[in-house]
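Heads up, the thing below is written out as structure tokens.
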Amino acid sequence: MGVIKILPNLNMYEHIKNIPLLDHDSATLLHQQAEYQLRKLITDKKFNEGDLFPKETALAKRWGISRNTLRQAIANLVRDGLLERKKRQGTRVTKRKITTNLSNWMSFTHKMEDKGIPFKNLLQIVSLIKADDEIANKLGIIKGTKLVCLKRIRSTRKIPMVYFESYFHPRIGLTGKEKFDQPLYEMLDEHFHIVPLYSQEEIRAIEANKKIADYLKIQSGKAVLERRRTVLDSGRKPIEFNICYYRSDFFSYSVEIKRPIK
């Protein structure tokens, strides 16, 4: 009678062997270090969608941490849609969507940094434009008022993932000569003493027109996630109106709602 041998996935163990060790003396918590390393494995394309992820026991042994500590890291990746856990099937790499939470908004750069995802600008255009009806209404200014417009295409690689259009209230004092080389809201606070505090959001799925399709390198008519945001200061005065178009194959939004208890 023949014996069937199940060979280990050597490629998987090669990944484990090459993962940097954790610093047990660092002030950064071990589960946060583990999450960063695991996220890097996925975003650096060391695994393809559907690949079985290394076993918890092997990873925990490599790093000298408990499985409970490791599970904290994996749970965050599952929450963000990078991993999927199924009973008796193990943990697999899933579609790389980035989930952002409406209950905790921040600048896009900080949001991605918080998830351990390095983003870069593929395109950045700063110009002076005249406010149309919608922009004037959102910012509470007269139609035709000149203001600074910032357009950016951002991604983790060469494929565009999100296209931004930001329009700034003239009272901020932007001239259009700014470099915008640091997180936007950090720059407004540091250089213009404007502190964004409130965000009013409108989100919907739309079909990409030719302009948006060209920017995101997708077919015209394909579904994208459109988010229109008005940002207010501590006095609830509008300081920015922005429109973002997210590729639906990369992003999703989550909403957490707390049920009132009587």
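Residue numbers start at 1 in each chain; chains themselves are named A, B, ... in the order of the structure tokens; ligands are numbered from 1 in the order shown.
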
Next on the checklist: Among stretch 32-257 of chain A, which ones does DSSP assign to alpha helix (DSSP H) (computed from the backbone)? Answer as a VMD selection string.
Outcome noted: chain A and resid 32 to 43 56 to 63 67 to 79 108 to 114 133 to 139 184 to 192 210 to 216

Checklist entry - as a PyMOL selection string, which residues of stretch 79-239 of chain A does DSSP assign to strand (DSSP E)? => result chain A and resi 83-86+90-93+98-101+120-130+146-155+162-168+198-207+223-232+238-239

If we count only C-alpha atoms and set the cut-off at 10 Å, which residues sit around A:Cys149, ignoring sequence neighbours fewer than 3 positions away in its own chain? Please answer as a short mmCIF file (atom, residue, chain, number, x, y, z; two decimals) with N, CA and C atoms, in the first residue's frame.
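Dumped to selection02.cif:
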data_model
loop_
_atom_site.label_atom_id
_atom_site.label_comp_id
_atom_site.auth_asym_id
_atom_site.auth_seq_id
_atom_site.Cartn_x
_atom_site.Cartn_y
_atom_site.Cartn_z
N ILE A 125 -1.06 68.51 -8.31
CA ILE A 125 -1.24 69.77 -9.03
C ILE A 125 -1.85 70.79 -8.08
N VAL A 126 -1.21 71.92 -7.91
CA VAL A 126 -1.74 73.02 -7.10
C VAL A 126 -2.05 74.18 -8.02
N SER A 127 -3.26 74.71 -7.92
CA SER A 127 -3.65 75.81 -8.81
C SER A 127 -4.62 76.75 -8.11
N LEU A 128 -4.82 77.92 -8.72
CA LEU A 128 -5.84 78.86 -8.25
C LEU A 128 -7.04 78.74 -9.18
N ILE A 129 -8.22 78.58 -8.60
CA ILE A 129 -9.44 78.44 -9.42
C ILE A 129 -10.52 79.37 -8.86
N LYS A 130 -11.61 79.49 -9.60
CA LYS A 130 -12.76 80.26 -9.13
C LYS A 130 -13.82 79.29 -8.64
N ALA A 131 -14.37 79.56 -7.49
CA ALA A 131 -15.35 78.66 -6.88
C ALA A 131 -16.62 78.56 -7.72
N LYS A 146 -11.73 83.44 -5.80
CA LYS A 146 -10.51 82.69 -6.10
C LYS A 146 -10.04 81.93 -4.85
N GLU A 165 -9.54 65.87 -4.84
CA GLU A 165 -9.64 67.29 -5.19
C GLU A 165 -9.97 68.04 -3.90
N SER A 166 -9.10 68.93 -3.47
CA SER A 166 -9.33 69.70 -2.24
C SER A 166 -9.42 71.18 -2.57
N TYR A 167 -10.41 71.86 -1.98
CA TYR A 167 -10.61 73.29 -2.18
C TYR A 167 -10.57 73.97 -0.82
N PHE A 168 -9.74 75.01 -0.68
CA PHE A 168 -9.50 75.62 0.62
C PHE A 168 -10.10 77.01 0.73
N HIS A 169 -10.71 77.29 1.88
CA HIS A 169 -11.30 78.60 2.13
C HIS A 169 -10.21 79.67 2.07
N LEU A 174 -3.72 80.36 2.18
CA LEU A 174 -2.92 79.63 1.20
C LEU A 174 -2.74 80.47 -0.07
N GLY A 176 -1.03 78.99 -2.98
CA GLY A 176 -0.84 78.12 -4.13
C GLY A 176 0.62 77.79 -4.36
N GLU A 240 -12.18 73.54 4.43
CA GLU A 240 -11.83 72.76 3.24
C GLU A 240 -13.04 71.98 2.75
N PHE A 241 -13.17 71.89 1.45
CA PHE A 241 -14.15 70.99 0.84
C PHE A 241 -13.36 70.08 -0.09
N ASN A 242 -13.47 68.78 0.11
CA ASN A 242 -12.74 67.88 -0.78
C ASN A 242 -13.62 66.77 -1.31
#

Within 12 Å of A:Gly173, counting only C-alpha atoms, which residues show up once you throw out same-chain ones fewer than 2 positions away? Write them as a PDB file with C-alpha atoms, in the first residue's frame, please.
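Wrote it out as around34.pdb, contents follow:
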ATOM      1  CA  LYS A 146     -10.515  82.689  -6.096  1.00  0.00           C
ATOM      2  CA  LEU A 147      -9.121  79.912  -3.945  1.00  0.00           C
ATOM      3  CA  VAL A 148      -6.423  77.232  -3.876  1.00  0.00           C
ATOM      4  CA  PHE A 168      -9.498  75.620   0.624  1.00  0.00           C
ATOM      5  CA  HIS A 169     -11.302  78.597   2.134  1.00  0.00           C
ATOM      6  CA  PRO A 170      -9.446  81.846   1.236  1.00  0.00           C
ATOM      7  CA  ARG A 171      -9.326  82.935   4.884  1.00  0.00           C
ATOM      8  CA  THR A 175      -1.278  81.161  -1.877  1.00  0.00           C
ATOM      9  CA  GLY A 176      -0.845  78.116  -4.131  1.00  0.00           C
ATOM     10  CA  LYS A 177       2.942  78.168  -3.728  1.00  0.00           C
ATOM     11  CA  GLU A 178       2.916  75.689  -0.855  1.00  0.00           C
ATOM     12  CA  LEU A 188      -2.620  73.712   8.299  1.00  0.00           C
ATOM     13  CA  HIS A 191       1.859  76.934   9.444  1.00  0.00           C
ATOM     14  CA  PHE A 192      -1.587  78.543   9.413  1.00  0.00           C
ATOM     15  CA  HIS A 193      -2.816  77.826  12.975  1.00  0.00           C
ATOM     16  CA  ILE A 194      -5.967  76.205  11.612  1.00  0.00           C
ATOM     17  CA  ILE A 239     -11.956  75.429   5.950  1.00  0.00           C
TER      18      ILE A 239
END

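Using only C-alpha atoms, the smallest distance between any of A:Phe53, A:Phe250, A:Tyr36, A:Phe180 and A:Val162 comes from A:Phe250.
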
Checklist entry - Which residues, written as a ChimeraX atom specification, have at least one atom at most 8 Å from stretch 208-223 of chain A, with only C-alpha atoms counted and residues fewer than 2 positions away on the same chain left out? => result /A:153,159-163,205-206,225,245,247-248

Take the residues from that selection and put them in a file with N, CA and C atoms, as a short mmCIF file (atom, residue, chain, number, x, y, z; two decimals), in the first residue's frame.
data_model
loop_
_atom_site.label_atom_id
_atom_site.label_comp_id
_atom_site.auth_asym_id
_atom_site.auth_seq_id
_atom_site.Cartn_x
_atom_site.Cartn_y
_atom_site.Cartn_z
N ILE A 153 -3.18 62.31 -7.02
CA ILE A 153 -3.43 60.89 -7.22
C ILE A 153 -2.44 60.16 -6.32
N ILE A 159 0.09 51.77 -9.63
CA ILE A 159 -1.33 51.76 -9.98
C ILE A 159 -2.08 52.78 -9.12
N PRO A 160 -2.76 53.76 -9.72
CA PRO A 160 -3.51 54.75 -8.93
C PRO A 160 -4.57 54.07 -8.08
N MET A 161 -4.72 54.55 -6.85
CA MET A 161 -5.71 53.97 -5.95
C MET A 161 -6.78 54.97 -5.54
N VAL A 162 -6.41 56.25 -5.46
CA VAL A 162 -7.37 57.27 -5.04
C VAL A 162 -7.01 58.62 -5.66
N TYR A 163 -8.05 59.36 -6.05
CA TYR A 163 -7.87 60.69 -6.63
C TYR A 163 -8.58 61.71 -5.74
N ALA A 205 -21.72 55.32 -4.09
CA ALA A 205 -21.08 54.63 -5.21
C ALA A 205 -21.56 55.28 -6.50
N ILE A 206 -20.63 55.57 -7.39
CA ILE A 206 -20.98 56.19 -8.67
C ILE A 206 -20.25 55.47 -9.80
N LEU A 225 -15.94 54.60 -5.37
CA LEU A 225 -16.50 55.14 -4.13
C LEU A 225 -16.20 56.63 -4.10
N TYR A 245 -12.18 60.14 -4.89
CA TYR A 245 -12.67 59.01 -5.68
C TYR A 245 -11.76 57.81 -5.42
N ARG A 247 -10.84 53.76 -5.81
CA ARG A 247 -11.06 52.54 -6.58
C ARG A 247 -11.72 51.51 -5.67
N SER A 248 -12.85 50.96 -6.11
CA SER A 248 -13.60 50.04 -5.26
C SER A 248 -12.90 48.71 -5.06
#

Checklist outcome for this item: One residue among A:Arg154, A:Arg62, A:Lys46, A:Lys55 is nearest to A:Leu21 when using only C-alpha atoms, and that residue is A:Arg62

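Between atom CA of A:Ala73 and atom CA of A:Thr57 the interatomic distance comes to 13.8 Å.
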
Next on the checklist: Calculated over only C-alpha atoms, which of the candidates A:Cys244, A:Glu35, A:Ile65, A:Pro196 has the smallest distance to A:Leu150?
Outcome noted: A:Cys244
